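Asks: Just start.csv, nothing more (CSV, C-alpha atoms):
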```csv
chain,number,residue,atom,x,y,z
A,159,MET,CA,-0.1,3.1,-15.4
A,160,ASN,CA,2.1,0.0,-15.7
A,161,ASN,CA,1.0,-3.6,-16.3
A,162,LEU,CA,0.8,-4.5,-12.6
A,163,GLU,CA,-1.3,-1.5,-11.8
A,164,PHE,CA,-3.6,-2.2,-14.8
A,165,ILE,CA,-4.1,-5.8,-13.7
A,166,GLU,CA,-4.8,-4.8,-10.0
A,167,LYS,CA,-7.3,-2.1,-10.9
A,168,HIS,CA,-9.3,-4.1,-13.4
A,169,VAL,CA,-9.3,-7.4,-11.5
A,170,ILE,CA,-10.6,-5.6,-8.4
A,171,THR,CA,-13.3,-3.8,-10.4
A,172,GLU,CA,-14.4,-7.0,-12.1
A,173,LEU,CA,-14.6,-9.1,-9.0
A,174,ILE,CA,-16.5,-6.5,-7.1
A,175,LYS,CA,-18.9,-6.2,-10.0
A,176,GLN,CA,-19.4,-9.9,-9.8
A,177,GLY,CA,-20.4,-9.7,-6.1
A,178,TYR,CA,-17.2,-10.5,-4.2
A,179,ASP,CA,-16.3,-8.6,-1.1
A,180,GLN,CA,-13.7,-5.8,-1.6
A,181,SER,CA,-11.2,-7.5,0.7
A,182,VAL,CA,-11.4,-10.8,-1.3
A,183,ALA,CA,-11.1,-8.8,-4.5
A,184,ARG,CA,-7.9,-7.1,-3.3
A,185,ILE,CA,-6.3,-10.3,-2.2
A,186,SER,CA,-7.3,-12.0,-5.4
A,187,ALA,CA,-5.7,-9.1,-7.3
A,188,ASP,CA,-2.5,-9.8,-5.5
A,189,ILE,CA,-2.7,-13.4,-6.6
A,190,ALA,CA,-3.3,-12.2,-10.2
A,191,LYS,CA,-0.3,-10.0,-10.1
A,192,GLU,CA,1.9,-12.9,-8.8
A,193,HIS,CA,0.5,-15.0,-11.7
A,194,TYR,CA,1.5,-12.2,-14.1
A,195,CYS,CA,5.1,-12.1,-12.8
A,196,ARG,CA,5.6,-15.9,-12.9
A,197,ASN,CA,3.8,-17.0,-16.1
A,198,THR,CA,3.4,-16.4,-19.7
A,199,ALA,CA,0.0,-16.0,-21.5
A,200,SER,CA,-1.8,-19.1,-22.7
A,201,ALA,CA,-2.4,-17.4,-26.0
A,202,LYS,CA,-1.4,-14.2,-27.7
A,203,GLY,CA,-3.1,-11.3,-26.0
A,204,LYS,CA,-4.7,-13.4,-23.2
A,205,MET,CA,-2.5,-12.5,-20.2
A,206,PHE,CA,-5.2,-10.4,-18.5
A,207,VAL,CA,-7.8,-13.1,-19.1
A,208,ASP,CA,-5.5,-15.6,-17.5
A,209,CYS,CA,-4.8,-13.4,-14.5
A,210,LEU,CA,-8.5,-12.7,-14.0
A,211,HIS,CA,-9.3,-16.4,-14.2
A,212,VAL,CA,-6.7,-17.2,-11.5
A,213,ALA,CA,-8.1,-14.4,-9.3
A,214,LYS,CA,-11.7,-15.7,-9.8
A,215,VAL,CA,-10.7,-19.3,-8.9
A,216,TRP,CA,-8.9,-18.1,-5.8
A,217,ALA,CA,-11.8,-15.8,-4.8
A,218,GLY,CA,-14.3,-18.6,-5.3
A,219,LYS,CA,-12.4,-20.8,-2.9
A,220,TYR,CA,-12.0,-18.0,-0.3
A,221,GLN,CA,-15.6,-16.7,-0.6
A,222,PRO,CA,-17.7,-19.5,-2.1
A,223,GLN,CA,-21.1,-17.8,-1.6
A,224,ILE,CA,-21.4,-14.7,-3.7
A,225,LYS,CA,-23.8,-12.0,-2.6
A,226,ARG,CA,-26.2,-11.2,-5.4
```
How would this structure read if it were set down as structure tokens?
Replies:
Amino acid sequence: MNNLEFIEKHVITELIKQGYDQSVARISADIAKEHYCRNTASAKGKMFVDCLHVAKVWAGKYQPQIKR
């Protein structure tokens, strides 16, 4: 499993666990992968956290009401 596959798998899993639709989670994972390819981490060892944050922000705008 390479870095992009890791980010995609874990972002989707985390967003679905938090109540987002699967389609929104998949699109958000693509946004997170783009962020990974374009940017560096904000702190050492924080790249996944940064990617997850970007995905959650995008998912929140796309699906503002989370099913709980």
Asks: If I put a ball of radius 10 Å at (-3.3, -9.8, -7.0) in the file's coordinates, which residues poke into it when counting all atoms listed in the file, written as a list in words?
Replies: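 Taken together, the residues in range are Leu162, Glu163, Ile165, Glu166, Lys167, Val169, Ile170, Val182, Ala183, Arg184, Ile185, Ser186, Ala187, Asp188, Ile189, Ala190, Lys191, Glu192, His193, Tyr194, Cys209, Leu210, Val212 and Ala213 of chain A.
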Asks: For a test of reading the model, state the distance in Å between atom CA of Leu173 of chain A and atom CA of Lys219 of chain A, rounded to one decimal.
Replies: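 Atom CA of Leu173 of chain A sits 13.4 Å away from atom CA of Lys219 of chain A.
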Asks: For the atom pair atom CA of Lys202 of chain A and atom CA of Lys214 of chain A, what is the interatomic distance in Å to one decimal place?
Replies: 20.7 Å
Asks: For the atom pair atom CA of Ala201 of chain A and atom CA of Ala217 of chain A, what is the interatomic distance in Å to one decimal place?
Replies: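 Value for the atom CA of Ala201 of chain A-atom CA of Ala217 of chain A distance: 23.2 Å.
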Asks: Working from the structure I just supplied, which lacks atoms in segment 162-195 of chain A, can you model N, CA and C atoms there and output them as an mmCIF file, keeping the file's coordinate frame?
Replies:
```
data_model
loop_
_atom_site.group_PDB
_atom_site.id
_atom_site.type_symbol
_atom_site.label_atom_id
_atom_site.label_comp_id
_atom_site.auth_asym_id
_atom_site.auth_seq_id
_atom_site.Cartn_x
_atom_site.Cartn_y
_atom_site.Cartn_z
ATOM 1 N N LEU A 162 1.244 -4.042 -13.929
ATOM 2 C CA LEU A 162 0.800 -4.500 -12.600
ATOM 3 C C LEU A 162 -0.366 -3.682 -12.091
ATOM 4 N N GLU A 163 -0.257 -2.373 -12.249
ATOM 5 C CA GLU A 163 -1.300 -1.500 -11.800
ATOM 6 C C GLU A 163 -2.606 -1.727 -12.595
ATOM 7 N N PHE A 164 -2.456 -1.952 -13.896
ATOM 8 C CA PHE A 164 -3.600 -2.200 -14.800
ATOM 9 C C PHE A 164 -4.321 -3.517 -14.296
ATOM 10 N N ILE A 165 -3.544 -4.562 -14.075
ATOM 11 C CA ILE A 165 -4.100 -5.800 -13.700
ATOM 12 C C ILE A 165 -4.827 -5.673 -12.310
ATOM 13 N N GLU A 166 -4.166 -5.027 -11.359
ATOM 14 C CA GLU A 166 -4.800 -4.800 -10.000
ATOM 15 C C GLU A 166 -6.072 -4.085 -10.102
ATOM 16 N N LYS A 167 -6.072 -2.962 -10.792
ATOM 17 C CA LYS A 167 -7.300 -2.100 -10.900
ATOM 18 C C LYS A 167 -8.439 -2.854 -11.522
ATOM 19 N N HIS A 168 -8.189 -3.482 -12.644
ATOM 20 C CA HIS A 168 -9.300 -4.100 -13.400
ATOM 21 C C HIS A 168 -9.755 -5.424 -12.785
ATOM 22 N N VAL A 169 -8.873 -6.168 -12.146
ATOM 23 C CA VAL A 169 -9.300 -7.400 -11.500
ATOM 24 C C VAL A 169 -10.191 -7.034 -10.279
ATOM 25 N N ILE A 170 -9.786 -6.052 -9.495
ATOM 26 C CA ILE A 170 -10.600 -5.600 -8.400
ATOM 27 C C ILE A 170 -11.965 -5.153 -8.828
ATOM 28 N N THR A 171 -11.990 -4.327 -9.850
ATOM 29 C CA THR A 171 -13.300 -3.800 -10.400
ATOM 30 C C THR A 171 -14.161 -4.929 -10.854
ATOM 31 N N GLU A 172 -13.616 -5.878 -11.585
ATOM 32 C CA GLU A 172 -14.400 -7.000 -12.100
ATOM 33 C C GLU A 172 -14.953 -7.886 -11.030
ATOM 34 N N LEU A 173 -14.131 -8.203 -10.047
ATOM 35 C CA LEU A 173 -14.600 -9.100 -9.000
ATOM 36 C C LEU A 173 -15.650 -8.431 -8.108
ATOM 37 N N ILE A 174 -15.501 -7.160 -7.828
ATOM 38 C CA ILE A 174 -16.500 -6.500 -7.100
ATOM 39 C C ILE A 174 -17.822 -6.396 -7.838
ATOM 40 N N LYS A 175 -17.719 -6.177 -9.144
ATOM 41 C CA LYS A 175 -18.900 -6.200 -10.000
ATOM 42 C C LYS A 175 -19.618 -7.514 -9.974
ATOM 43 N N GLN A 176 -18.859 -8.592 -9.831
ATOM 44 C CA GLN A 176 -19.400 -9.900 -9.800
ATOM 45 C C GLN A 176 -19.936 -10.347 -8.432
ATOM 46 N N GLY A 177 -19.785 -9.471 -7.427
ATOM 47 C CA GLY A 177 -20.400 -9.700 -6.100
ATOM 48 C C GLY A 177 -19.441 -10.155 -5.022
ATOM 49 N N TYR A 178 -18.155 -10.164 -5.272
ATOM 50 C CA TYR A 178 -17.200 -10.500 -4.200
ATOM 51 C C TYR A 178 -16.964 -9.345 -3.305
ATOM 52 N N ASP A 179 -16.602 -9.646 -2.042
ATOM 53 C CA ASP A 179 -16.300 -8.600 -1.100
ATOM 54 C C ASP A 179 -15.000 -7.869 -1.576
ATOM 55 N N GLN A 180 -14.876 -6.618 -1.149
ATOM 56 C CA GLN A 180 -13.700 -5.800 -1.600
ATOM 57 C C GLN A 180 -12.421 -6.415 -1.046
ATOM 58 N N SER A 181 -12.432 -6.932 0.167
ATOM 59 C CA SER A 181 -11.200 -7.500 0.700
ATOM 60 C C SER A 181 -10.774 -8.752 -0.073
ATOM 61 N N VAL A 182 -11.740 -9.581 -0.451
ATOM 62 C CA VAL A 182 -11.400 -10.800 -1.300
ATOM 63 C C VAL A 182 -10.929 -10.343 -2.631
ATOM 64 N N ALA A 183 -11.525 -9.305 -3.200
ATOM 65 C CA ALA A 183 -11.100 -8.800 -4.500
ATOM 66 C C ALA A 183 -9.668 -8.292 -4.470
ATOM 67 N N ARG A 184 -9.310 -7.595 -3.413
ATOM 68 C CA ARG A 184 -7.900 -7.100 -3.300
ATOM 69 C C ARG A 184 -6.913 -8.185 -3.145
ATOM 70 N N ILE A 185 -7.223 -9.168 -2.325
ATOM 71 C CA ILE A 185 -6.300 -10.300 -2.200
ATOM 72 C C ILE A 185 -6.185 -11.075 -3.465
ATOM 73 N N SER A 186 -7.298 -11.254 -4.152
ATOM 74 C CA SER A 186 -7.300 -12.000 -5.400
ATOM 75 C C SER A 186 -6.484 -11.190 -6.473
ATOM 76 N N ALA A 187 -6.524 -9.873 -6.424
ATOM 77 C CA ALA A 187 -5.700 -9.100 -7.300
ATOM 78 C C ALA A 187 -4.237 -9.281 -7.093
ATOM 79 N N ASP A 188 -3.857 -9.447 -5.838
ATOM 80 C CA ASP A 188 -2.500 -9.800 -5.500
ATOM 81 C C ASP A 188 -2.052 -11.105 -6.110
ATOM 82 N N ILE A 189 -2.960 -12.069 -6.024
ATOM 83 C CA ILE A 189 -2.700 -13.400 -6.600
ATOM 84 C C ILE A 189 -2.553 -13.270 -8.124
ATOM 85 N N ALA A 190 -3.396 -12.449 -8.739
ATOM 86 C CA ALA A 190 -3.300 -12.200 -10.200
ATOM 87 C C ALA A 190 -2.006 -11.585 -10.590
ATOM 88 N N LYS A 191 -1.540 -10.634 -9.791
ATOM 89 C CA LYS A 191 -0.300 -10.000 -10.100
ATOM 90 C C LYS A 191 0.901 -10.968 -9.960
ATOM 91 N N GLU A 192 0.842 -11.834 -8.958
ATOM 92 C CA GLU A 192 1.900 -12.900 -8.800
ATOM 93 C C GLU A 192 1.863 -13.793 -10.037
ATOM 94 N N HIS A 193 0.673 -14.153 -10.503
ATOM 95 C CA HIS A 193 0.500 -15.000 -11.700
ATOM 96 C C HIS A 193 1.177 -14.298 -12.899
ATOM 97 N N TYR A 194 0.934 -13.007 -13.034
ATOM 98 C CA TYR A 194 1.500 -12.200 -14.100
ATOM 99 C C TYR A 194 3.030 -12.274 -14.108
ATOM 100 N N CYS A 195 3.599 -12.128 -12.925
ATOM 101 C CA CYS A 195 5.100 -12.100 -12.800
ATOM 102 C C CYS A 195 5.706 -13.450 -13.045
#
```
